[in-house]
$ cat protein26.cif   # mmCIF, C-alpha atoms
data_coords
loop_
_atom_site.group_PDB
_atom_site.id
_atom_site.type_symbol
_atom_site.label_atom_id
_atom_site.label_comp_id
_atom_site.auth_asym_id
_atom_site.auth_seq_id
_atom_site.Cartn_x
_atom_site.Cartn_y
_atom_site.Cartn_z
ATOM 1 C CA MET A 208 87.746 56.303 96.266
ATOM 2 C CA VAL A 209 85.867 59.039 98.112
ATOM 3 C CA ALA A 210 84.136 61.486 95.763
ATOM 4 C CA ASN A 211 83.124 64.066 98.358
ATOM 5 C CA LEU A 212 84.261 64.871 101.849
ATOM 6 C CA GLU A 213 80.680 64.282 102.992
ATOM 7 C CA ASP A 214 81.223 60.575 102.275
ATOM 8 C CA ARG A 215 84.010 60.423 104.851
ATOM 9 C CA PRO A 216 83.339 59.857 108.536
ATOM 10 C CA LEU A 217 83.357 63.170 110.438
ATOM 11 C CA TYR A 218 86.572 62.350 112.266
ATOM 12 C CA ARG A 219 88.389 61.921 108.904
ATOM 13 C CA ARG A 220 87.331 65.231 107.371
ATOM 14 C CA PRO A 221 89.798 68.112 107.582
ATOM 15 C CA LYS A 222 88.329 70.983 109.567
ATOM 16 C CA LEU A 223 87.503 73.937 107.363
ATOM 17 C CA GLU A 224 88.783 76.291 110.061
ATOM 18 C CA GLU A 225 92.261 74.785 109.660
ATOM 19 C CA PHE A 226 92.796 76.063 106.117
ATOM 20 C CA ILE A 227 90.612 79.178 105.845
ATOM 21 C CA ASP A 228 91.913 82.413 107.359
ATOM 22 C CA LYS A 229 89.771 84.168 109.928
ATOM 23 C CA PHE A 230 88.234 87.507 108.934
ATOM 24 C CA SER A 231 88.174 90.505 111.252
ATOM 25 C CA GLY A 232 87.518 93.455 108.991
ATOM 26 C CA ASP A 233 89.989 95.430 111.081
ATOM 27 C CA GLY A 234 92.732 95.661 108.435
ATOM 28 C CA ALA A 235 92.875 98.488 105.943
ATOM 29 C CA THR A 236 92.832 96.004 103.060
ATOM 30 C CA ASP A 237 90.220 93.580 104.476
ATOM 31 C CA ARG A 238 87.377 93.119 101.992
ATOM 32 C CA VAL A 239 84.481 90.975 103.162
ATOM 33 C CA GLU A 240 83.201 90.246 99.648
ATOM 34 C CA VAL A 241 86.568 88.737 98.656
ATOM 35 C CA TRP A 242 86.728 86.641 101.836
ATOM 36 C CA ILE A 243 83.165 85.356 101.346
ATOM 37 C CA GLU A 244 83.923 84.293 97.770
ATOM 38 C CA GLN A 245 87.030 82.437 98.977
ATOM 39 C CA LEU A 246 84.971 80.816 101.704
ATOM 40 C CA LYS A 247 82.239 79.559 99.354
ATOM 41 C CA HIS A 248 84.566 77.326 97.316
ATOM 42 C CA PRO A 249 85.398 74.815 100.090
ATOM 43 C CA PHE A 250 81.750 74.543 101.200
ATOM 44 C CA TYR A 251 80.709 72.424 98.210
ATOM 45 C CA PRO A 252 82.850 69.332 98.889
ATOM 46 C CA TYR A 253 81.735 69.349 102.512
ATOM 47 C CA GLY A 254 78.078 69.165 101.482
ATOM 48 C CA MET A 255 77.128 71.741 104.125
ATOM 49 C CA SER A 256 73.596 72.968 104.675
ATOM 50 C CA ASN A 257 72.958 76.718 104.865
ATOM 51 C CA ALA A 258 72.778 76.460 108.662
ATOM 52 C CA GLU A 259 76.176 74.696 108.791
ATOM 53 C CA LYS A 260 77.678 77.306 106.467
ATOM 54 C CA LEU A 261 76.404 80.120 108.696
ATOM 55 C CA HIS A 262 77.722 78.435 111.851
ATOM 56 C CA THR A 263 81.140 77.807 110.272
ATOM 57 C CA THR A 264 81.330 81.347 108.913
ATOM 58 C CA ARG A 265 80.601 82.806 112.349
ATOM 59 C CA LYS A 266 83.364 80.645 113.864
ATOM 60 C CA LEU A 267 85.795 82.123 111.323
ATOM 61 C CA LEU A 268 85.046 85.727 112.274
ATOM 62 C CA SER A 269 87.128 87.707 114.744
ATOM 63 C CA GLY A 270 87.504 91.296 115.904
ATOM 64 C CA THR A 271 85.017 93.832 114.559
ATOM 65 C CA ALA A 272 83.441 91.327 112.166
ATOM 66 C CA ALA A 273 82.637 88.956 115.053
ATOM 67 C CA LEU A 274 81.050 91.796 117.046
ATOM 68 C CA LEU A 275 78.897 92.808 114.088
ATOM 69 C CA ALA A 276 77.842 89.202 113.478
ATOM 70 C CA LYS A 277 76.649 88.892 117.083
ATOM 71 C CA ASN A 278 74.200 91.713 116.431
ATOM 72 C CA ALA A 279 73.119 90.459 113.004
ATOM 73 C CA ASN A 280 69.863 88.589 112.617
ATOM 74 C CA ALA A 281 70.826 86.135 109.881
ATOM 75 C CA ALA A 282 68.965 82.830 109.657
ATOM 76 C CA SER A 283 71.088 81.294 106.884
ATOM 77 C CA PHE A 284 74.411 81.740 105.127
ATOM 78 C CA GLU A 285 72.723 82.708 101.862
ATOM 79 C CA GLY A 286 70.595 85.342 103.570
ATOM 80 C CA ALA A 287 73.610 86.758 105.394
ATOM 81 C CA THR A 288 75.711 87.091 102.234
ATOM 82 C CA ASP A 289 73.102 88.102 99.638
ATOM 83 C CA HIS A 290 74.081 91.776 99.632
ATOM 84 C CA PHE A 291 77.831 91.213 99.050
#
$ encode --input "protein26.cif" --output "structure tokens"
Amino acid sequence: MVANLEDRPLYRRPKLEEFIDKFSGDGATDRVEVWIEQLKHPFYPYGMSNAEKLHTTRKLLSGTAALLAKNANAASFEGATDHF
């Protein structure tokens, strides 16, 4: 029995991007703080480092949110989300 996804070979892990919706911030009801909280829950079983979390989060951004992230100077996921 596999306790964590991190114990599985990489090719057997489901990709996080396949079951987390992208965030654009372009919709009238888009709330980044809600999306970030939803995003944090799946990170634990993957055993991701802060750098991996930041990289994955950036891949899940689109539209205005992706443009803003390109100009942001975040070095880690925790540092990028501290103010939400």
$ atom_distance --input "protein26.cif" --atom1 "CA of Leu274 in chain A" --atom2 "CA of Pro252 in chain A"
28.9 Å
$ atom_distance --input "protein26.cif" --atom1 "CA of Arg238 in chain A" --atom2 "CA of Glu224 in chain A"
18.7 Å
$ closest_residue --input "protein26.cif" --among "A:Ser256, A:Leu267, A:Ala282, A:Ala272" --to "Asp228 in chain A" --atoms "all atoms listed in the file"
A:Leu267
$ resolve_selection --input "protein26.cif" --expression "the PyMOL selection byres ((chain A and resi 240-244) around 10)" --output "mmCIF file with C-alpha atoms, in the frame of the given file"
data_model
loop_
_atom_site.group_PDB
_atom_site.id
_atom_site.type_symbol
_atom_site.label_atom_id
_atom_site.label_comp_id
_atom_site.auth_asym_id
_atom_site.auth_seq_id
_atom_site.Cartn_x
_atom_site.Cartn_y
_atom_site.Cartn_z
ATOM 1 C CA ILE A 227 90.612 79.178 105.845
ATOM 2 C CA ASP A 228 91.913 82.413 107.359
ATOM 3 C CA LYS A 229 89.771 84.168 109.928
ATOM 4 C CA PHE A 230 88.234 87.507 108.934
ATOM 5 C CA GLY A 232 87.518 93.455 108.991
ATOM 6 C CA ASP A 237 90.220 93.580 104.476
ATOM 7 C CA ARG A 238 87.377 93.119 101.992
ATOM 8 C CA VAL A 239 84.481 90.975 103.162
ATOM 9 C CA GLN A 245 87.030 82.437 98.977
ATOM 10 C CA LEU A 246 84.971 80.816 101.704
ATOM 11 C CA LYS A 247 82.239 79.559 99.354
ATOM 12 C CA HIS A 248 84.566 77.326 97.316
ATOM 13 C CA PRO A 249 85.398 74.815 100.090
ATOM 14 C CA THR A 264 81.330 81.347 108.913
ATOM 15 C CA THR A 288 75.711 87.091 102.234
ATOM 16 C CA HIS A 290 74.081 91.776 99.632
ATOM 17 C CA PHE A 291 77.831 91.213 99.050
#
$ atom_distance --input "protein26.cif" --atom1 "CA of Lys277 in chain A" --atom2 "CA of Leu223 in chain A"
20.9 Å
